[in-house]
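J.: Next comes my_file_14.tsv, TSV, C-alpha atoms:
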```tsv
chain	number	residue	atom	x	y	z
A	57	MET	CA	66.53	6.10	-43.49
A	58	ARG	CA	63.96	8.82	-43.94
A	59	GLN	CA	61.96	9.79	-40.81
A	60	SER	CA	58.19	9.90	-41.28
A	61	HIS	CA	56.18	12.87	-40.08
A	62	ALA	CA	52.47	13.13	-39.20
A	63	PRO	CA	50.36	15.13	-41.58
A	64	ILE	CA	49.98	18.78	-40.72
A	65	GLU	CA	46.17	18.41	-40.46
A	66	ALA	CA	46.45	15.67	-37.82
A	67	VAL	CA	48.89	17.74	-35.77
A	68	GLU	CA	46.60	20.75	-35.84
A	69	ALA	CA	43.64	18.58	-34.87
A	70	ILE	CA	45.53	17.25	-31.86
A	71	LYS	CA	46.48	20.77	-30.78
A	72	THR	CA	42.93	22.02	-30.97
A	73	THR	CA	41.39	19.01	-29.24
A	74	LYS	CA	39.82	20.01	-25.91
A	75	THR	CA	39.95	17.82	-22.88
A	76	TYR	CA	36.44	17.19	-21.55
A	77	ARG	CA	35.73	16.16	-17.96
A	78	ASN	CA	32.63	14.67	-16.42
A	79	PRO	CA	30.49	17.28	-14.67
A	80	THR	CA	30.31	17.16	-10.89
A	81	VAL	CA	27.12	16.32	-9.02
A	82	LEU	CA	26.53	19.98	-8.13
A	83	GLU	CA	26.97	21.05	-11.75
A	84	THR	CA	24.53	18.37	-12.89
A	85	ILE	CA	21.94	19.47	-10.33
A	86	ARG	CA	22.41	23.14	-11.22
A	87	ARG	CA	22.04	22.39	-14.92
A	88	ASP	CA	18.92	20.27	-14.33
A	89	LEU	CA	17.35	22.96	-12.12
A	90	LYS	CA	17.97	25.57	-14.78
A	91	ARG	CA	16.51	23.39	-17.53
A	92	HIS	CA	13.45	22.05	-15.64
A	93	TRP	CA	12.82	24.84	-13.13
A	94	SER	CA	9.06	24.89	-13.75
A	95	ILE	CA	8.72	21.21	-12.76
A	96	TYR	CA	10.65	21.80	-9.55
A	97	VAL	CA	8.43	24.76	-8.72
A	98	MET	CA	5.35	22.54	-9.08
A	99	ALA	CA	7.00	19.94	-6.83
A	100	ILE	CA	7.59	22.42	-3.98
A	101	PRO	CA	4.10	21.95	-2.36
A	102	VAL	CA	4.48	18.16	-2.42
A	103	ILE	CA	7.98	18.31	-0.95
A	104	ALA	CA	6.82	20.77	1.71
A	105	TYR	CA	3.91	18.50	2.63
A	106	TYR	CA	6.16	15.51	3.24
A	107	LEU	CA	8.75	17.57	5.11
A	108	ILE	CA	6.15	19.14	7.43
A	109	PHE	CA	3.72	16.28	8.01
A	110	HIS	CA	5.89	13.18	7.52
A	111	TYR	CA	9.53	13.95	8.26
A	112	GLY	CA	8.99	16.76	10.76
A	113	PRO	CA	7.02	14.65	13.25
A	114	MET	CA	9.84	12.08	13.27
A	115	TYR	CA	11.54	14.37	15.79
A	116	GLY	CA	8.88	13.28	18.29
A	117	LEU	CA	9.79	9.59	17.95
A	118	GLN	CA	12.24	10.05	20.80
A	119	ILE	CA	9.35	10.01	23.28
A	120	ALA	CA	9.21	6.24	22.65
A	121	PHE	CA	12.42	6.08	24.71
A	122	LYS	CA	11.24	8.56	27.37
A	123	ASP	CA	8.58	8.90	30.05
A	124	PHE	CA	6.95	11.75	28.18
A	125	SER	CA	5.03	14.35	30.14
A	126	PRO	CA	3.28	17.23	28.35
A	127	ALA	CA	4.22	19.52	31.24
A	128	LYS	CA	7.96	18.76	30.88
A	129	GLY	CA	7.98	18.59	27.10
A	130	ILE	CA	10.00	16.31	24.88
A	131	LEU	CA	13.41	17.60	25.97
A	132	GLY	CA	12.56	17.73	29.65
A	133	SER	CA	11.13	14.21	29.91
A	134	PRO	CA	13.54	11.59	31.34
A	135	TRP	CA	15.05	8.81	29.23
A	136	VAL	CA	13.92	5.27	30.04
A	137	GLY	CA	15.51	3.30	27.19
A	138	PHE	CA	13.50	0.31	25.92
A	139	LYS	CA	11.11	0.23	28.86
A	140	HIS	CA	7.97	0.80	26.78
A	141	PHE	CA	9.02	-1.72	24.12
A	142	GLU	CA	9.54	-4.37	26.80
A	143	SER	CA	6.18	-3.51	28.31
A	144	PHE	CA	4.50	-4.02	24.94
A	145	PHE	CA	6.33	-7.26	24.12
A	146	ASN	CA	5.55	-8.73	27.55
A	147	GLY	CA	1.96	-7.50	27.60
A	148	ILE	CA	-0.98	-9.89	27.69
A	149	TYR	CA	-2.38	-8.46	24.43
A	150	PHE	CA	0.82	-8.61	22.34
A	151	TRP	CA	0.26	-11.92	20.56
A	152	ARG	CA	-3.45	-11.27	20.12
A	153	LEU	CA	-2.76	-7.95	18.42
A	154	ILE	CA	-0.08	-9.41	16.15
A	155	LYS	CA	-2.24	-12.41	15.24
A	156	ASN	CA	-5.37	-10.36	14.46
A	157	THR	CA	-3.46	-7.75	12.44
A	158	ILE	CA	-1.58	-10.33	10.36
A	159	LEU	CA	-4.65	-12.52	9.74
A	160	ILE	CA	-6.80	-9.61	8.55
A	161	ASN	CA	-4.05	-8.47	6.18
A	162	LEU	CA	-3.39	-12.04	5.07
A	163	TYR	CA	-7.06	-12.57	4.18
A	164	ASP	CA	-7.05	-9.27	2.32
A	165	LEU	CA	-3.89	-10.32	0.46
A	166	LEU	CA	-5.33	-13.72	-0.50
A	167	PHE	CA	-8.79	-12.52	-1.54
A	168	GLY	CA	-8.76	-8.75	-1.91
A	169	PHE	CA	-5.53	-8.35	-3.86
A	170	PRO	CA	-6.47	-10.77	-6.70
A	171	ALA	CA	-10.04	-9.45	-6.80
A	172	ALA	CA	-9.04	-6.16	-8.45
A	173	ILE	CA	-6.88	-8.05	-10.98
A	174	VAL	CA	-9.73	-10.41	-11.89
A	175	LEU	CA	-12.18	-7.51	-12.28
A	176	ALA	CA	-9.72	-5.64	-14.52
A	177	LEU	CA	-9.23	-8.75	-16.70
A	178	LEU	CA	-13.00	-9.19	-17.02
A	179	LEU	CA	-13.54	-5.53	-17.87
A	180	ASN	CA	-10.76	-5.71	-20.45
A	181	GLU	CA	-12.65	-8.48	-22.27
A	182	ILE	CA	-15.87	-6.46	-22.59
A	183	ARG	CA	-16.18	-5.15	-26.13
A	184	HIS	CA	-19.44	-3.20	-25.74
A	185	SER	CA	-18.13	0.24	-24.74
A	186	VAL	CA	-21.36	1.56	-23.18
A	187	PHE	CA	-21.89	-1.53	-21.05
A	188	LYS	CA	-18.22	-1.44	-20.03
A	189	ARG	CA	-18.45	2.18	-18.86
A	190	VAL	CA	-21.62	1.43	-16.89
A	191	VAL	CA	-20.01	-1.53	-15.13
A	192	GLN	CA	-16.90	0.49	-14.37
A	193	SER	CA	-18.90	3.37	-12.92
A	194	ILE	CA	-20.93	1.04	-10.70
A	195	SER	CA	-17.79	-0.70	-9.44
A	196	TYR	CA	-16.10	2.64	-8.67
A	197	LEU	CA	-18.98	4.12	-6.65
A	198	PRO	CA	-18.39	2.29	-3.32
A	199	HIS	CA	-14.90	3.82	-3.12
A	200	PHE	CA	-16.44	7.27	-2.67
A	201	ILE	CA	-18.72	6.19	0.19
A	202	SER	CA	-17.46	7.28	3.60
A	203	ILE	CA	-16.21	4.57	5.95
A	204	VAL	CA	-18.69	5.85	8.53
A	205	VAL	CA	-21.53	5.31	6.07
A	206	VAL	CA	-20.25	1.85	5.12
A	207	ALA	CA	-20.02	0.86	8.79
A	208	GLY	CA	-23.54	2.21	9.39
A	209	MET	CA	-24.87	0.19	6.46
A	210	MET	CA	-23.21	-2.95	7.81
A	211	ILE	CA	-24.66	-2.42	11.27
A	212	ASP	CA	-28.16	-1.91	9.85
A	213	PHE	CA	-28.00	-4.85	7.45
A	214	LEU	CA	-26.33	-7.27	9.87
A	215	SER	CA	-28.25	-6.51	13.06
A	216	ARG	CA	-30.63	-9.09	14.50
A	217	ASN	CA	-33.59	-7.33	12.83
A	218	GLY	CA	-31.61	-6.30	9.76
A	219	LEU	CA	-32.10	-7.16	6.12
A	220	ILE	CA	-29.77	-10.18	6.12
A	221	ASN	CA	-31.49	-11.82	9.10
A	222	GLN	CA	-34.89	-11.11	7.59
A	223	ILE	CA	-33.82	-12.93	4.43
A	224	LEU	CA	-32.50	-15.83	6.52
A	225	GLY	CA	-35.77	-15.89	8.47
A	226	SER	CA	-37.79	-16.11	5.26
A	227	PHE	CA	-35.98	-19.42	4.56
A	228	GLY	CA	-36.71	-20.71	8.06
A	229	MET	CA	-33.18	-20.08	9.37
A	230	GLU	CA	-32.34	-18.65	12.78
A	231	SER	CA	-31.08	-15.08	13.17
A	232	ILE	CA	-27.32	-14.59	13.58
A	233	ASP	CA	-25.66	-11.88	15.65
A	234	PHE	CA	-23.01	-11.17	13.03
A	235	LEU	CA	-21.42	-8.23	14.83
A	236	GLN	CA	-21.52	-9.87	18.25
A	237	LYS	CA	-19.59	-13.02	17.36
A	238	GLU	CA	-15.83	-13.16	17.01
A	239	GLY	CA	-15.85	-15.66	14.18
A	240	TRP	CA	-17.64	-13.35	11.77
A	241	PHE	CA	-15.60	-10.17	12.19
A	242	ARG	CA	-12.64	-10.91	9.89
A	243	PHE	CA	-14.90	-12.16	7.10
A	244	LEU	CA	-17.15	-9.10	7.32
A	245	PHE	CA	-14.23	-6.68	7.55
A	246	VAL	CA	-12.33	-8.11	4.59
A	247	SER	CA	-15.38	-8.69	2.37
A	248	SER	CA	-16.67	-5.15	2.92
A	249	GLY	CA	-13.20	-3.82	2.08
A	250	ILE	CA	-13.18	-5.82	-1.16
A	251	TRP	CA	-16.62	-4.50	-2.09
A	252	GLN	CA	-15.53	-0.93	-1.41
A	253	GLY	CA	-12.14	-1.01	-3.13
A	254	ILE	CA	-12.28	-3.59	-5.92
A	255	GLY	CA	-13.43	-1.16	-8.60
A	256	TRP	CA	-10.99	1.58	-7.67
A	257	GLY	CA	-8.12	-0.90	-7.45
A	258	SER	CA	-8.83	-2.18	-10.96
A	259	ILE	CA	-8.04	1.23	-12.49
A	260	VAL	CA	-4.29	0.71	-12.15
A	261	TYR	CA	-4.42	-2.65	-13.91
A	262	LEU	CA	-6.67	-1.33	-16.68
A	263	ALA	CA	-4.18	1.47	-17.27
A	264	ALA	CA	-1.37	-1.08	-17.45
A	265	MET	CA	-3.36	-3.16	-19.96
A	266	SER	CA	-3.80	-0.14	-22.21
A	267	THR	CA	0.00	-0.02	-22.72
A	268	ILE	CA	0.20	-3.56	-24.14
A	269	ASP	CA	1.00	-3.63	-27.86
A	270	PRO	CA	-2.18	-4.58	-29.80
A	271	THR	CA	-0.09	-6.36	-32.43
A	272	LEU	CA	0.68	-9.04	-29.87
A	273	TYR	CA	-3.01	-9.96	-29.74
A	274	GLU	CA	-3.25	-9.94	-33.53
A	275	ALA	CA	-0.28	-12.29	-33.81
A	276	ALA	CA	-1.77	-14.57	-31.15
A	277	ARG	CA	-5.10	-14.73	-33.00
A	278	MET	CA	-3.31	-15.60	-36.22
A	279	ASP	CA	-1.60	-18.46	-34.36
A	280	GLY	CA	-5.00	-19.74	-33.19
A	281	ALA	CA	-4.93	-18.52	-29.59
A	282	ASN	CA	-8.38	-18.05	-28.03
A	283	ARG	CA	-9.33	-15.29	-25.58
A	284	TRP	CA	-8.25	-17.30	-22.53
A	285	LYS	CA	-4.80	-18.03	-23.98
A	286	GLN	CA	-4.38	-14.39	-24.98
A	287	THR	CA	-5.15	-13.35	-21.43
A	288	LEU	CA	-2.85	-15.99	-19.97
A	289	HIS	CA	0.14	-15.40	-22.24
A	290	ILE	CA	-0.14	-11.70	-23.17
A	291	THR	CA	-2.33	-9.69	-20.78
A	292	ILE	CA	-1.14	-11.13	-17.48
A	293	PRO	CA	2.59	-10.99	-18.37
A	294	GLY	CA	2.01	-7.44	-19.65
A	295	ILE	CA	0.67	-6.23	-16.30
A	296	MET	CA	3.02	-8.37	-14.19
A	297	PRO	CA	5.38	-5.45	-13.32
A	298	THR	CA	2.39	-3.52	-11.93
A	299	ILE	CA	1.20	-6.57	-10.00
A	300	VAL	CA	4.65	-7.07	-8.48
A	301	ILE	CA	5.01	-3.45	-7.38
A	302	LEU	CA	1.57	-3.39	-5.76
A	303	PHE	CA	2.24	-6.75	-4.13
A	304	ILE	CA	5.46	-5.45	-2.56
A	305	LEU	CA	3.64	-2.38	-1.26
A	306	GLN	CA	0.89	-4.61	0.11
A	307	MET	CA	3.47	-6.69	1.96
A	308	GLY	CA	4.75	-3.52	3.60
A	309	ASN	CA	1.29	-3.03	5.14
A	310	MET	CA	1.00	-6.47	6.70
A	311	LEU	CA	1.08	-4.96	10.19
A	312	THR	CA	-1.14	-2.01	9.31
A	313	VAL	CA	-4.92	-2.07	9.54
A	314	GLY	CA	-6.90	1.16	9.40
A	315	SER	CA	-8.42	1.82	12.79
A	316	GLU	CA	-11.45	3.77	11.57
A	317	LYS	CA	-13.68	0.92	10.40
A	318	VAL	CA	-12.53	-1.41	13.16
A	319	LEU	CA	-13.43	1.17	15.80
A	320	LEU	CA	-16.86	1.61	14.23
A	321	LEU	CA	-17.61	-2.12	14.04
A	322	TYR	CA	-15.94	-3.86	16.96
A	323	ASN	CA	-17.07	-4.16	20.56
A	324	PRO	CA	-15.76	-5.95	23.70
A	325	LEU	CA	-17.41	-9.19	22.55
A	326	THR	CA	-15.30	-9.27	19.36
A	327	TYR	CA	-11.98	-8.06	20.77
A	328	GLY	CA	-10.59	-11.59	20.41
A	329	THR	CA	-10.52	-11.31	16.59
A	330	ALA	CA	-11.08	-7.58	15.97
A	331	ASP	CA	-8.56	-5.87	18.21
A	332	VAL	CA	-5.54	-4.85	16.10
A	333	ILE	CA	-2.44	-2.76	16.69
A	334	SER	CA	-4.00	0.49	15.49
A	335	THR	CA	-7.06	0.20	17.76
A	336	TYR	CA	-4.84	-0.71	20.70
A	337	VAL	CA	-2.73	2.36	20.03
A	338	TYR	CA	-5.90	4.46	19.93
A	339	ARG	CA	-7.12	3.16	23.28
A	340	LYS	CA	-3.77	3.53	24.99
A	341	GLY	CA	-2.75	6.81	23.42
A	342	VAL	CA	-5.98	8.76	23.15
A	343	LEU	CA	-8.14	7.30	25.90
A	344	GLU	CA	-5.41	6.54	28.47
A	345	ALA	CA	-2.91	9.24	27.41
A	346	SER	CA	0.04	6.78	27.36
A	347	TYR	CA	1.90	8.76	24.74
A	348	SER	CA	5.33	7.19	25.15
A	349	PHE	CA	3.94	3.65	25.14
A	350	THR	CA	1.93	4.20	21.96
A	351	ALA	CA	4.89	5.92	20.28
A	352	ALA	CA	6.94	2.79	21.01
A	353	VAL	CA	4.22	0.56	19.54
A	354	GLY	CA	3.96	2.75	16.44
A	355	LEU	CA	7.74	2.75	15.97
A	356	PHE	CA	7.81	-1.05	16.28
A	357	ASN	CA	5.06	-1.27	13.66
A	358	SER	CA	6.94	1.00	11.26
A	359	VAL	CA	10.23	-0.88	11.63
A	360	ILE	CA	8.59	-4.25	10.98
A	361	SER	CA	6.76	-2.82	7.95
A	362	PHE	CA	10.05	-1.51	6.56
A	363	ILE	CA	11.69	-4.92	7.05
A	364	LEU	CA	8.77	-6.66	5.33
A	365	ILE	CA	8.84	-4.41	2.26
A	366	VAL	CA	12.62	-4.76	1.88
A	367	THR	CA	12.37	-8.54	2.27
A	368	ALA	CA	9.53	-8.78	-0.25
A	369	ASN	CA	11.46	-6.68	-2.76
A	370	SER	CA	14.60	-8.82	-2.33
A	371	PHE	CA	12.59	-12.03	-2.76
A	372	VAL	CA	10.85	-10.80	-5.91
A	373	LYS	CA	14.16	-9.56	-7.33
A	374	ARG	CA	15.63	-13.05	-6.99
A	375	ILE	CA	12.83	-14.87	-8.80
A	376	SER	CA	12.04	-12.30	-11.52
A	377	GLU	CA	13.27	-9.12	-13.17
A	378	ASN	CA	10.46	-7.05	-11.67
A	379	LYS	CA	11.20	-5.12	-8.50
A	380	LEU	CA	10.33	-1.93	-6.68
A	381	TRP	CA	13.93	-0.69	-6.60
```
Go ahead and render the structure in this file as structure tokens.
T.:
Amino acid sequence: MRQSHAPIEAVEAIKTTKTYRNPTVLETIRRDLKRHWSIYVMAIPVIAYYLIFHYGPMYGLQIAFKDFSPAKGILGSPWVGFKHFESFFNGIYFWRLIKNTILINLYDLLFGFPAAIVLALLLNEIRHSVFKRVVQSISYLPHFISIVVVAGMMIDFLSRNGLINQILGSFGMESIDFLQKEGWFRFLFVSSGIWQGIGWGSIVYLAAMSTIDPTLYEAARMDGANRWKQTLHITIPGIMPTIVILFILQMGNMLTVGSEKVLLLYNPLTYGTADVISTYVYRKGVLEASYSFTAAVGLFNSVISFILIVTANSFVKRISENKLW
């Protein structure tokens, strides 16, 4: 029986075949740095900013577990464990601070978050370009007004002799001390925030709408879909990934309320609904110099915010394909 042999060309091909291996992580990084070095150079200031002003100060978080004294320094101050956390949890203001912070953020989530989406959808339906640009410019302007100016305007308009009470008086209604009553603070705080940020917040959604394929609208019109159905079945699903990402980020801020405007608007008469975690930290840390206590409160706030954003991302990932990571 004659033995078969492989063709000479196949043998030579096998001999000359090189064995390739997957590059290591270091080789991949080195190759990417060499190829995109200019982008990494531009990223250096941003990376330095976060390292210096965000990650560097994390070294000082240890004072939350110490009785910090500026004279002794961070290393010289004695360890006290969870003393300051227990003091905060057992404090008389704990539940009031948590309640006020969550309610303000919840109202902003229910009314402020959809407001920017609705404005973007309305602007997207405007076909007159000049009118659209004018409306956009007017809606953007409040974002560039300082919080101090906004708070001053609110105090002037809502005072007993302010514009709002003068209008109420012209209809025979009694004057209202808006800024002296607890029941009005959350409404005024959230509504002023919506007025100031609704236009700026709509930019992200308008940008997302610009990426939607126009042929989808043409096909929908050919099938007889009106403007409302096009918005419902094309525009909203098209911007849903953006909505989900911003919603997850918003959930991560449920225990965070900027202290600036609250400090400018609240007073002892409205502490019951206006006092939030950030203002409490300001009073204890800056005015009373309780550095370790406020560091513990801030660390608690950050941990809860991290848990909320991870939970929100996990929940969204289960019910849809959109997620933050």
J.: So that all listed atoms of range 182-198 of chain A fit with 5 Å spare on each side, what axis-aligned box centre and edge lengths in Å, to one decimal, would you give as lines of an AutoDock Vina configuration file?
T.:
```
center_x = -18.9
center_y = -1.2
center_z = -14.7
size_x = 16.0
size_y = 20.6
size_z = 32.8
```
J.: What does the distance between CA of Gln286 in chain A and CA of Ala368 in chain A come to in Å, to one decimal place?
T.: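 One can read the CA of Gln286 in chain A to CA of Ala368 in chain A distance as 28.9 Å.
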J.: Distance CA of Leu321 in chain A-CA of Ile203 in chain A, one decimal place?
T.: 10.6 Å
J.: Identify which of the residues A:Leu272, A:Val246, A:Ile211, A:Leu166 lies closest to Met307 in chain A, counting all atoms listed in the file when measuring atom-to-atom distances.
T.: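 Smallest distance to Met307 in chain A is found for A:Leu166.
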J.: Which is closer to Gly308 in chain A than all the others in A:Gly328, A:Asn323, A:Tyr261, A:Leu364, using only C-alpha atoms?
T.: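 Of the candidates, the smallest distance to Gly308 in chain A is held by A:Leu364.
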